[in-house]
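Q: What follows is protein.cif, made up of mmCIF, C-alpha atoms:
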```cif
data_final
#
loop_
_atom_site.group_PDB
_atom_site.id
_atom_site.type_symbol
_atom_site.label_atom_id
_atom_site.label_comp_id
_atom_site.auth_asym_id
_atom_site.auth_seq_id
_atom_site.Cartn_x
_atom_site.Cartn_y
_atom_site.Cartn_z
ATOM 1 C CA MET A 11 -154.583 57.520 43.571
ATOM 2 C CA GLY A 12 -153.416 60.698 41.828
ATOM 3 C CA ALA A 13 -149.952 62.118 41.422
ATOM 4 C CA GLN A 14 -147.470 63.487 43.895
ATOM 5 C CA VAL A 15 -146.108 66.424 41.916
ATOM 6 C CA GLU A 16 -142.966 68.064 43.219
ATOM 7 C CA ILE A 17 -142.860 71.530 41.664
ATOM 8 C CA GLU A 18 -139.682 73.567 41.613
ATOM 9 C CA SER A 19 -140.289 77.091 40.349
ATOM 10 C CA ALA A 20 -137.130 78.887 39.261
ATOM 11 C CA PHE A 21 -139.234 81.538 37.550
ATOM 12 C CA PRO A 22 -142.176 83.381 39.165
ATOM 13 C CA ALA A 23 -145.441 81.693 38.195
ATOM 14 C CA PRO A 24 -148.802 82.365 39.891
ATOM 15 C CA ALA A 25 -150.197 79.918 42.427
ATOM 16 C CA GLU A 26 -153.153 79.244 40.106
ATOM 17 C CA ALA A 27 -150.760 77.905 37.472
ATOM 18 C CA LEU A 28 -149.096 75.569 39.955
ATOM 19 C CA ALA A 29 -152.521 74.274 41.000
ATOM 20 C CA LEU A 30 -153.347 73.638 37.331
ATOM 21 C CA ILE A 31 -150.113 71.681 36.924
ATOM 22 C CA ARG A 32 -151.209 69.344 39.715
ATOM 23 C CA ALA A 33 -154.743 69.059 38.325
ATOM 24 C CA ALA A 34 -153.380 68.249 34.864
ATOM 25 C CA ALA A 35 -151.204 65.474 36.263
ATOM 26 C CA ASP A 36 -154.131 63.877 38.094
ATOM 27 C CA ALA A 37 -156.436 64.161 35.066
ATOM 28 C CA ALA A 38 -153.884 62.590 32.714
ATOM 29 C CA LEU A 39 -153.453 59.620 35.045
ATOM 30 C CA ALA A 40 -157.228 59.206 35.299
ATOM 31 C CA ALA A 41 -157.613 59.375 31.513
ATOM 32 C CA GLU A 42 -154.953 56.699 31.105
ATOM 33 C CA GLY A 43 -156.559 54.594 33.833
ATOM 34 C CA ILE A 44 -153.537 54.531 36.142
ATOM 35 C CA LYS A 45 -154.457 53.445 39.674
ATOM 36 C CA ASN A 46 -150.914 53.381 41.084
ATOM 37 C CA ALA A 47 -149.582 56.144 43.297
ATOM 38 C CA VAL A 48 -147.098 57.903 41.053
ATOM 39 C CA SER A 49 -144.844 60.941 41.319
ATOM 40 C CA CYS A 50 -143.043 63.313 38.993
ATOM 41 C CA HIS A 51 -140.841 66.372 39.231
ATOM 42 C CA VAL A 52 -141.780 69.607 37.455
ATOM 43 C CA LEU A 53 -139.391 72.510 36.976
ATOM 44 C CA VAL A 54 -140.908 75.842 35.941
ATOM 45 C CA THR A 55 -138.128 77.929 34.443
ATOM 46 C CA ASP A 56 -137.434 80.677 31.887
ATOM 47 C CA ASP A 57 -136.381 80.482 28.228
ATOM 48 C CA GLU A 58 -132.693 80.497 29.077
ATOM 49 C CA GLY A 59 -133.162 77.684 31.571
ATOM 50 C CA ILE A 60 -135.007 75.389 29.180
ATOM 51 C CA ARG A 61 -132.550 76.298 26.419
ATOM 52 C CA GLY A 62 -129.758 74.913 28.626
ATOM 53 C CA PHE A 63 -131.585 71.602 29.040
ATOM 54 C CA ASN A 64 -132.225 71.408 25.309
ATOM 55 C CA LEU A 65 -128.545 71.991 24.594
ATOM 56 C CA SER A 66 -127.330 69.481 27.186
ATOM 57 C CA TYR A 67 -129.745 66.641 26.465
ATOM 58 C CA ARG A 68 -130.873 67.167 22.859
ATOM 59 C CA GLY A 69 -128.062 69.115 21.244
ATOM 60 C CA LEU A 70 -130.633 71.794 20.412
ATOM 61 C CA ASP A 71 -129.522 75.371 21.090
ATOM 62 C CA LYS A 72 -132.966 76.966 21.464
ATOM 63 C CA ALA A 73 -135.776 77.542 23.938
ATOM 64 C CA THR A 74 -138.862 75.338 23.646
ATOM 65 C CA ASP A 75 -142.080 75.303 25.620
ATOM 66 C CA VAL A 76 -141.866 71.963 27.455
ATOM 67 C CA LEU A 77 -139.576 68.962 27.879
ATOM 68 C CA SER A 78 -140.307 65.485 29.233
ATOM 69 C CA PHE A 79 -137.795 62.948 30.532
ATOM 70 C CA PRO A 80 -139.571 59.601 31.174
ATOM 71 C CA SER A 81 -138.119 57.212 33.708
ATOM 72 C CA LEU A 82 -139.899 54.140 32.288
ATOM 73 C CA PRO A 83 -139.589 52.686 28.745
ATOM 74 C CA PHE A 84 -143.203 53.153 27.649
ATOM 75 C CA THR A 85 -143.864 53.604 23.910
ATOM 76 C CA PRO A 86 -146.889 54.518 21.742
ATOM 77 C CA GLU A 87 -147.467 50.776 21.271
ATOM 78 C CA ASN A 88 -146.936 50.052 24.984
ATOM 79 C CA THR A 89 -148.249 52.956 27.048
ATOM 80 C CA ALA A 90 -148.483 52.975 30.835
ATOM 81 C CA ALA A 91 -152.009 51.546 30.894
ATOM 82 C CA SER A 92 -150.937 48.444 28.975
ATOM 83 C CA HIS A 93 -148.091 47.592 31.347
ATOM 84 C CA PRO A 94 -149.209 47.947 34.981
ATOM 85 C CA GLU A 95 -146.566 45.358 35.903
ATOM 86 C CA TRP A 96 -143.836 47.826 34.907
ATOM 87 C CA LEU A 97 -145.328 50.339 37.323
ATOM 88 C CA ASP A 98 -145.478 47.704 40.061
ATOM 89 C CA MET A 99 -141.828 46.793 39.545
ATOM 90 C CA GLU A 100 -140.729 50.435 39.855
ATOM 91 C CA TYR A 101 -142.557 51.031 43.132
ATOM 92 C CA ASP A 102 -140.348 52.886 45.614
ATOM 93 C CA VAL A 103 -141.055 51.880 49.210
ATOM 94 C CA ASP A 104 -139.374 55.034 50.530
ATOM 95 C CA THR A 105 -141.668 57.429 48.667
ATOM 96 C CA GLY A 106 -144.654 55.113 48.332
ATOM 97 C CA THR A 107 -144.880 56.010 44.636
ATOM 98 C CA VAL A 108 -143.700 55.081 41.158
ATOM 99 C CA PHE A 109 -141.532 57.861 39.722
ATOM 100 C CA LEU A 110 -142.647 58.650 36.151
ATOM 101 C CA GLY A 111 -140.002 61.235 35.284
ATOM 102 C CA ASP A 112 -139.137 64.920 34.988
ATOM 103 C CA ILE A 113 -140.973 67.748 33.235
ATOM 104 C CA ILE A 114 -139.578 71.204 32.438
ATOM 105 C CA ILE A 115 -141.868 74.096 31.459
ATOM 106 C CA SER A 116 -140.806 77.534 30.227
ATOM 107 C CA TRP A 117 -143.124 80.101 31.806
ATOM 108 C CA PRO A 118 -142.322 82.840 29.231
ATOM 109 C CA ARG A 119 -143.310 80.336 26.498
ATOM 110 C CA VAL A 120 -146.607 79.730 28.327
ATOM 111 C CA LEU A 121 -147.393 83.451 28.295
ATOM 112 C CA ALA A 122 -146.270 83.999 24.703
ATOM 113 C CA GLN A 123 -148.142 80.996 23.280
ATOM 114 C CA ALA A 124 -151.337 81.821 25.163
ATOM 115 C CA GLU A 125 -151.316 85.226 23.470
ATOM 116 C CA GLU A 126 -150.333 83.762 20.098
ATOM 117 C CA TYR A 127 -153.107 81.150 20.100
ATOM 118 C CA GLY A 128 -155.708 83.499 21.555
ATOM 119 C CA HIS A 129 -156.582 81.527 24.658
ATOM 120 C CA SER A 130 -155.976 81.843 28.383
ATOM 121 C CA THR A 131 -152.743 81.311 30.276
ATOM 122 C CA ALA A 132 -154.609 78.636 32.232
ATOM 123 C CA ARG A 133 -155.406 76.678 29.063
ATOM 124 C CA GLU A 134 -151.814 76.881 27.812
ATOM 125 C CA THR A 135 -150.466 75.766 31.212
ATOM 126 C CA ALA A 136 -152.940 72.886 31.280
ATOM 127 C CA TYR A 137 -152.098 71.819 27.751
ATOM 128 C CA LEU A 138 -148.302 71.814 28.193
ATOM 129 C CA MET A 139 -148.464 69.874 31.458
ATOM 130 C CA THR A 140 -150.966 67.403 30.006
ATOM 131 C CA HIS A 141 -148.829 66.967 26.885
ATOM 132 C CA ALA A 142 -145.776 66.303 29.038
ATOM 133 C CA MET A 143 -147.582 63.785 31.251
ATOM 134 C CA PHE A 144 -148.661 61.709 28.259
ATOM 135 C CA HIS A 145 -145.079 61.734 27.008
ATOM 136 C CA LEU A 146 -144.052 60.265 30.381
ATOM 137 C CA MET A 147 -146.628 57.532 29.840
ATOM 138 C CA GLY A 148 -145.322 56.596 26.387
ATOM 139 C CA TYR A 149 -147.378 58.705 23.971
ATOM 140 C CA ASP A 150 -145.696 60.479 21.066
ATOM 141 C CA HIS A 151 -146.574 62.461 17.938
ATOM 142 C CA MET A 152 -143.900 61.525 15.415
ATOM 143 C CA GLU A 153 -146.281 59.383 13.357
ATOM 144 C CA LYS A 154 -149.680 60.644 12.197
ATOM 145 C CA GLU A 155 -151.728 57.942 13.936
ATOM 146 C CA ASP A 156 -149.712 58.312 17.159
ATOM 147 C CA GLN A 157 -150.274 62.066 17.019
ATOM 148 C CA ARG A 158 -154.032 61.605 16.562
ATOM 149 C CA ARG A 159 -154.228 59.217 19.488
ATOM 150 C CA MET A 160 -152.124 61.440 21.750
ATOM 151 C CA ARG A 161 -154.188 64.517 20.902
ATOM 152 C CA GLN A 162 -157.399 62.620 21.603
ATOM 153 C CA MET A 163 -156.102 61.582 25.020
ATOM 154 C CA GLU A 164 -154.957 65.133 25.778
ATOM 155 C CA GLU A 165 -158.345 66.627 24.927
ATOM 156 C CA SER A 166 -160.145 63.997 26.977
ATOM 157 C CA SER A 167 -157.851 64.671 29.916
ATOM 158 C CA ILE A 168 -158.095 68.479 29.812
ATOM 159 C CA ALA A 169 -161.887 68.306 29.640
ATOM 160 C CA ARG A 170 -161.826 66.620 33.051
ATOM 161 C CA PHE A 171 -160.589 69.721 34.869
ATOM 162 C CA LEU A 172 -160.738 72.751 32.564
ATOM 163 C CA PRO A 173 -163.794 74.079 30.707
ATOM 164 C CA SER A 174 -163.700 75.107 27.063
ATOM 165 C CA GLN A 175 -164.334 78.737 26.099
ATOM 166 C CA GLU A 176 -167.963 77.901 25.318
ATOM 167 C CA GLU A 177 -168.314 76.125 28.650
ATOM 168 C CA GLU A 178 -166.786 79.157 30.395
ATOM 169 C CA LYS A 179 -169.665 81.192 28.976
ATOM 170 C CA MET A 180 -172.157 78.703 30.401
ATOM 171 C CA LEU A 181 -170.475 78.754 33.805
ATOM 172 C CA SER A 182 -170.569 82.552 33.796
ATOM 173 C CA MET A 183 -174.278 82.509 32.933
ATOM 174 C CA ALA A 184 -174.888 80.020 35.745
ATOM 175 C CA ARG A 185 -173.135 82.366 38.190
ATOM 176 C CA GLU A 186 -175.360 85.213 37.013
ATOM 177 C CA ALA A 187 -178.482 83.057 37.393
ATOM 178 C CA MET A 188 -177.388 82.226 40.938
ATOM 179 C CA LYS A 189 -177.930 85.912 41.862
ATOM 180 C CA MET A 190 -181.664 85.484 41.199
ATOM 181 C CA ALA A 191 -182.078 82.529 43.581
ATOM 182 C CA TYR A 192 -184.853 82.665 46.192
ATOM 183 C CA VAL A 193 -183.299 80.914 49.202
ATOM 184 C CA PRO A 194 -184.659 82.350 52.482
ATOM 185 C CA TYR A 195 -184.326 78.992 54.253
ATOM 186 C CA SER A 196 -181.117 77.297 53.122
ATOM 187 C CA HIS A 197 -179.255 80.513 52.189
ATOM 188 C CA TYR A 198 -177.555 78.389 49.518
ATOM 189 C CA PRO A 199 -178.120 80.044 46.129
ATOM 190 C CA VAL A 200 -177.568 77.928 43.028
ATOM 191 C CA GLY A 201 -177.659 78.898 39.363
ATOM 192 C CA ALA A 202 -177.714 76.709 36.258
ATOM 193 C CA CYS A 203 -177.217 77.116 32.529
ATOM 194 C CA LEU A 204 -178.523 74.353 30.255
ATOM 195 C CA LYS A 205 -177.332 73.819 26.677
ATOM 196 C CA CYS A 206 -179.721 72.065 24.316
ATOM 197 C CA THR A 207 -178.404 69.989 21.431
ATOM 198 C CA ASP A 208 -179.498 72.751 19.030
ATOM 199 C CA GLY A 209 -177.270 75.203 20.926
ATOM 200 C CA THR A 210 -180.044 77.085 22.741
ATOM 201 C CA LEU A 211 -179.179 78.097 26.320
ATOM 202 C CA TYR A 212 -181.590 78.267 29.250
ATOM 203 C CA THR A 213 -180.815 79.489 32.764
ATOM 204 C CA GLY A 214 -182.466 78.794 36.073
ATOM 205 C CA CYS A 215 -182.059 79.267 39.818
ATOM 206 C CA ASN A 216 -183.282 77.455 42.901
ATOM 207 C CA VAL A 217 -186.636 78.628 44.287
ATOM 208 C CA GLU A 218 -187.429 77.583 47.860
ATOM 209 C CA ASN A 219 -190.791 77.341 49.577
ATOM 210 C CA ALA A 220 -192.020 77.346 53.165
ATOM 211 C CA SER A 221 -193.426 73.923 52.334
ATOM 212 C CA PHE A 222 -190.010 72.457 51.684
ATOM 213 C CA GLY A 223 -191.254 69.803 49.270
ATOM 214 C CA ALA A 224 -192.364 72.547 46.880
ATOM 215 C CA THR A 225 -188.795 73.793 46.478
ATOM 216 C CA ASN A 226 -187.360 73.576 42.970
ATOM 217 C CA CYS A 227 -183.648 73.218 42.178
ATOM 218 C CA ALA A 228 -181.823 75.413 39.665
ATOM 219 C CA GLU A 229 -181.189 72.475 37.333
ATOM 220 C CA ARG A 230 -184.877 71.570 37.093
ATOM 221 C CA THR A 231 -185.870 75.218 36.669
ATOM 222 C CA ALA A 232 -183.647 75.448 33.591
ATOM 223 C CA ILE A 233 -184.750 72.064 32.237
ATOM 224 C CA PHE A 234 -188.457 72.743 32.712
ATOM 225 C CA LYS A 235 -188.076 76.103 30.938
ATOM 226 C CA ALA A 236 -186.461 74.311 28.005
ATOM 227 C CA VAL A 237 -189.067 71.532 27.903
ATOM 228 C CA SER A 238 -191.900 74.090 28.062
ATOM 229 C CA GLU A 239 -190.521 75.586 24.825
ATOM 230 C CA GLY A 240 -190.314 72.274 23.010
ATOM 231 C CA ARG A 241 -186.723 71.197 23.698
ATOM 232 C CA ARG A 242 -186.213 67.574 24.611
ATOM 233 C CA SER A 243 -182.506 66.898 24.098
ATOM 234 C CA PHE A 244 -179.659 68.424 26.096
ATOM 235 C CA GLU A 245 -175.907 68.469 25.619
ATOM 236 C CA SER A 246 -174.631 69.848 28.928
ATOM 237 C CA ILE A 247 -175.461 71.814 32.049
ATOM 238 C CA ALA A 248 -173.358 74.188 34.151
ATOM 239 C CA ILE A 249 -174.249 74.548 37.835
ATOM 240 C CA ALA A 250 -172.846 77.298 40.080
ATOM 241 C CA ALA A 251 -172.863 77.832 43.836
ATOM 242 C CA GLY A 252 -170.690 79.500 46.436
ATOM 243 C CA PRO A 253 -168.935 77.592 49.223
ATOM 244 C CA SER A 254 -169.123 73.998 47.974
ATOM 245 C CA ALA A 255 -169.453 71.917 44.809
ATOM 246 C CA PRO A 256 -173.152 71.922 43.782
ATOM 247 C CA TRP A 257 -173.467 68.432 42.345
ATOM 248 C CA PRO A 258 -177.126 67.868 41.426
ATOM 249 C CA CYS A 259 -179.426 66.109 43.850
ATOM 250 C CA GLY A 260 -180.943 62.724 43.084
ATOM 251 C CA ILE A 261 -184.213 64.138 41.747
ATOM 252 C CA CYS A 262 -182.360 66.463 39.367
ATOM 253 C CA ARG A 263 -180.204 63.598 38.146
ATOM 254 C CA GLN A 264 -183.352 61.609 37.431
ATOM 255 C CA VAL A 265 -184.911 64.508 35.499
ATOM 256 C CA MET A 266 -181.735 64.927 33.436
ATOM 257 C CA ASN A 267 -181.677 61.196 32.742
ATOM 258 C CA GLU A 268 -185.250 61.360 31.433
ATOM 259 C CA PHE A 269 -184.088 63.431 28.479
ATOM 260 C CA SER A 270 -180.335 63.051 27.990
ATOM 261 C CA PRO A 271 -178.529 60.275 29.902
ATOM 262 C CA GLY A 272 -175.226 61.150 28.218
ATOM 263 C CA MET A 273 -175.222 64.882 28.976
ATOM 264 C CA ARG A 274 -172.177 66.541 30.513
ATOM 265 C CA VAL A 275 -172.520 68.008 34.021
ATOM 266 C CA MET A 276 -170.212 70.838 35.092
ATOM 267 C CA VAL A 277 -170.081 72.399 38.550
ATOM 268 C CA THR A 278 -168.312 75.508 39.742
ATOM 269 C CA TRP A 279 -167.954 77.047 43.176
ATOM 270 C CA ASP A 280 -165.557 79.401 44.972
ATOM 271 C CA GLY A 281 -162.220 78.570 43.366
ATOM 272 C CA GLY A 282 -163.342 75.208 42.043
ATOM 273 C CA TYR A 283 -164.447 73.423 38.887
ATOM 274 C CA ASP A 284 -165.280 69.817 38.071
ATOM 275 C CA ALA A 285 -167.149 67.943 35.359
ATOM 276 C CA MET A 286 -168.287 64.455 34.455
ATOM 277 C CA PRO A 287 -170.949 62.723 32.349
ATOM 278 C CA LEU A 288 -174.361 62.209 33.915
ATOM 279 C CA SER A 289 -173.889 58.453 33.498
ATOM 280 C CA ASP A 290 -171.133 58.638 36.136
ATOM 281 C CA LEU A 291 -173.432 60.510 38.521
ATOM 282 C CA LEU A 292 -176.381 58.181 37.922
ATOM 283 C CA PRO A 293 -175.116 54.728 36.956
ATOM 284 C CA HIS A 294 -177.790 52.251 35.897
ATOM 285 C CA GLY A 295 -180.306 55.089 35.651
ATOM 286 C CA PHE A 296 -184.006 54.385 35.153
ATOM 287 C CA GLY A 297 -185.317 56.084 32.013
ATOM 288 C CA PRO A 298 -188.002 55.812 29.328
ATOM 289 C CA GLU A 299 -186.239 52.864 27.710
ATOM 290 C CA SER A 300 -186.531 50.934 30.995
ATOM 291 C CA LEU A 301 -190.293 50.803 30.581
ATOM 292 C CA ASP A 302 -189.957 48.997 27.256
ATOM 293 C CA LYS A 303 -188.052 46.031 28.711
#
```
Using the file provided, produce a representation of the structure as structure tokens.
A:
Amino acid sequence: MGAQVEIESAFPAPAEALALIRAAADAALAAEGIKNAVSCHVLVTDDEGIRGFNLSYRGLDKATDVLSFPSLPFTPENTAASHPEWLDMEYDVDTGTVFLGDIIISWPRVLAQAEEYGHSTARETAYLMTHAMFHLMGYDHMEKEDQRRMRQMEESSIARFLPSQEEEKMLSMAREAMKMAYVPYSHYPVGACLKCTDGTLYTGCNVENASFGATNCAERTAIFKAVSEGRRSFESIAIAAGPSAPWPCGICRQVMNEFSPGMRVMVTWDGGYDAMPLSDLLPHGFGPESLDK
């Protein structure tokens, strides 16, 4: 169902950051397996603003990066996924959602920590919002095992909507490969970058033909290049196009499944990114092992 995120920005933050806040909320709910329509309130403020909340509610006279105020009594032993009945009981007929709580983010802390940790503002925004969402759902990091479990959930969630630095490189290479596409008929160029399990990268583009059946997709171009050089196992593939999400066609999914049913598939297009395992794109796939049964 996703989250209805009401964002109040008392400090200027770019629209891209606000979009990431919404994406992080949806991804955290999906990672936890929450099907209910839920809502939360997010305040983006400055260091002085979050310092005031810390002082009022925690007796802490300092600025921090993020605060979470859950509305439901979830705990590390009883997270939101384990108590759907609590969500059902808190359903608000006026809003049509279950209110999870409030989140406060300091935008200056986002900028400072992104620079300190050497990653993008987008990644820091995504992490803080994801961290806060899991707090609303009962996760905590006071005990070592709880911290490990929370971090695992956070990483799984972020991977749903934000690529890693290595994946960003693959997406960039896919965009470059897209420029080489031969598409006189569809005018829909696609590029792909394939990562083998040994780390080798191969790129490819779609190549069309007047006899339409002879057309080859970008994904298969990259895969066939890899196979022709002796590679047989693939970790992930990045696929780039322009106006819409270039999820692979059925034939490409079948070719991927031949070699690596568990590979990760990433797509990027104008202003968009998404990713999921091949097994989600081709459930109950037919592969070499099927012939042995």
Q: Using only C-alpha atoms, which residues of region 188-227 of chain A come within 12 Å of region 254-273 of chain A, and what is the closest atom pair for each, with the distance in Å to one decimal? Give it as a Markdown table, sorted by chain and residue number.
A:
```
| residue | atom | partner | partner_atom | distance |
| --- | --- | --- | --- | --- |
| A:Met188 | CA | A:Pro256 | CA | 11.5 |
| A:Tyr198 | CA | A:Ser254 | CA | 9.6 |
| A:Pro199 | CA | A:Pro256 | CA | 9.8 |
| A:Val200 | CA | A:Pro256 | CA | 7.5 |
| A:Gly201 | CA | A:Pro256 | CA | 9.4 |
| A:Ala202 | CA | A:Pro256 | CA | 10.0 |
| A:Leu204 | CA | A:Met273 | CA | 10.1 |
| A:Lys205 | CA | A:Met273 | CA | 9.5 |
| A:Cys206 | CA | A:Met273 | CA | 9.7 |
| A:Thr207 | CA | A:Met273 | CA | 9.7 |
| A:Asn216 | CA | A:Pro258 | CA | 11.5 |
| A:Gly223 | CA | A:Ile261 | CA | 11.8 |
| A:Thr225 | CA | A:Ile261 | CA | 11.7 |
| A:Asn226 | CA | A:Cys262 | CA | 9.4 |
| A:Cys227 | CA | A:Cys262 | CA | 7.4 |
```
Q: Taking into account all atoms listed in the file, which residue in the set A:Leu181, A:Leu28, A:Asp302, A:Cys50 is nearest to Ala251 (chain A)?
A: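 Nearest candidate to Ala251 (chain A) out of A:Leu181, A:Leu28, A:Asp302, A:Cys50: A:Leu181.
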Q: Just the number, please: distance in Å from CA of Gly111 (chain A) to CA of Ala132 (chain A), one decimal.
A: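 The value is 22.9 Å.
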Q: Measure the distance from CA of Val103 (chain A) to CA of Ala37 (chain A) in Å and round it to one decimal.
A: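 So the two atoms, CA of Val103 (chain A) and CA of Ala37 (chain A), lie 24.2 Å apart.
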Q: Looking at all atoms listed in the file, which of A:Ala228, A:Ala27, A:Leu301, A:Ala41 is the one that sits closest to Ser130 (chain A)?
A: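 Counting all atoms listed in the file, the residue closest to Ser130 (chain A) is A:Ala27.
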Q: So how far away is CA of Pro86 (chain A) from CA of Gln162 (chain A), in Å?
A: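 Between CA of Gln162 (chain A) and CA of Pro86 (chain A) the gap is 13.3 Å.
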Q: Quick one: everything within 12 Å of Glu87 (chain A), counting all atoms listed in the file, minus sequence neighbours fewer than 4 positions away in the same chain. Send it as a count of residues only.
A: 13
Q: Counting all atoms listed in the file, write as a list in words all protein and nucleic acid residues lying at most 12 Å from (-146.5, 49.3, 38.2) in the file's frame.
A: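 With a cut-off of 12 Å, the residues come to Ile44, Lys45, Asn46, Ala47, Val48, Leu82, Phe84, Thr89, Ala90, Ala91, Ser92, His93, Pro94, Glu95, Trp96, Leu97, Asp98, Met99, Glu100, Tyr101, Asp102, Gly106, Thr107, Val108, Phe109, Leu110 and Met147 of chain A.
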Q: Using all atoms listed in the file and a cutoff of 7 Å, can you tell me which residues are near (-143.5, 73.7, 36.7) in the file's coordinates, and write them out as an NGL selection string?
A: :A and (17-19 or 28 or 31 or 52-54 or 114-115)
Q: Taking 5 positions as the minimum chain separation for residues in the same chain, which residues sit within 6 Å of Val277 (chain A) when counting all atoms listed in the file? Answer as a VMD selection string.
A: chain A and resid 248 to 250 283 to 284
Q: Go through A:Val275, A:Ala13, A:Cys215, A:Leu146 one by one, measure the shortest atom-to-atom distance of each to Thr85 (chain A) using only C-alpha atoms, and give the residue with the smallest value.
A: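 Using only C-alpha atoms, Thr85 (chain A) sits closest to A:Leu146.
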Q: Can you work out which one of A:Phe222, A:Phe171, A:Tyr137, A:Trp117 has the shortest atom-to-atom distance to Gly282 (chain A), counting all atoms listed in the file?
A: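 Distance minimum relative to Gly282 (chain A) lands on A:Phe171.
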Q: So, with all atoms listed in the file as the atoms that count, which of A:Leu39, A:Leu211, A:Ala25, A:Met143 lies closest to Leu77 (chain A)?
A: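 Nearest candidate to Leu77 (chain A) out of A:Leu39, A:Leu211, A:Ala25, A:Met143: A:Met143.
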Q: Set the distance at 9 Å and use all atoms listed in the file: which residues neighbour Ala35 (chain A) once local chain neighbours fewer than 5 positions away are removed? I'd like the list as a list in words.
A: Gly12, Ala13, Gln14, Val15, Leu30, Ala40, Cys50, Met139, Thr140 and Met143 of chain A
Q: I'd like to know which of A:Tyr67, A:Arg242, A:Glu42, A:Ala23 is closest to Ser166 (chain A), using only C-alpha atoms.
A: A:Glu42
Q: What do you get, as an NGL selection string, if you spell out every residue that the PyMOL selection byres ((chain A and resi 119) around 9) selects here?
A: :A and (56-57 or 73-76 or 115-118 or 120-124)
Q: Per residue of region 155-245 of chain A within 12 Å of region 285-296 of chain A, which atom pair is closest and at what distance in Å (one decimal), using only C-alpha atoms, listed by chain and increasing number, as JSON lines?
A:
```
{"residue": "A:Ser166", "atom": "CA", "partner": "A:Met286", "partner_atom": "CA", "distance": 11.1}
{"residue": "A:Ser167", "atom": "CA", "partner": "A:Ala285", "partner_atom": "CA", "distance": 11.3}
{"residue": "A:Ile168", "atom": "CA", "partner": "A:Ala285", "partner_atom": "CA", "distance": 10.6}
{"residue": "A:Ala169", "atom": "CA", "partner": "A:Ala285", "partner_atom": "CA", "distance": 7.8}
{"residue": "A:Arg170", "atom": "CA", "partner": "A:Ala285", "partner_atom": "CA", "distance": 6.0}
{"residue": "A:Phe171", "atom": "CA", "partner": "A:Ala285", "partner_atom": "CA", "distance": 6.8}
{"residue": "A:Leu172", "atom": "CA", "partner": "A:Ala285", "partner_atom": "CA", "distance": 8.5}
{"residue": "A:Pro173", "atom": "CA", "partner": "A:Ala285", "partner_atom": "CA", "distance": 8.4}
{"residue": "A:Ser174", "atom": "CA", "partner": "A:Ala285", "partner_atom": "CA", "distance": 11.5}
{"residue": "A:Glu177", "atom": "CA", "partner": "A:Ala285", "partner_atom": "CA", "distance": 10.6}
{"residue": "A:Leu181", "atom": "CA", "partner": "A:Ala285", "partner_atom": "CA", "distance": 11.4}
{"residue": "A:Phe244", "atom": "CA", "partner": "A:Leu288", "partner_atom": "CA", "distance": 11.3}
{"residue": "A:Glu245", "atom": "CA", "partner": "A:Pro287", "partner_atom": "CA", "distance": 10.1}
```
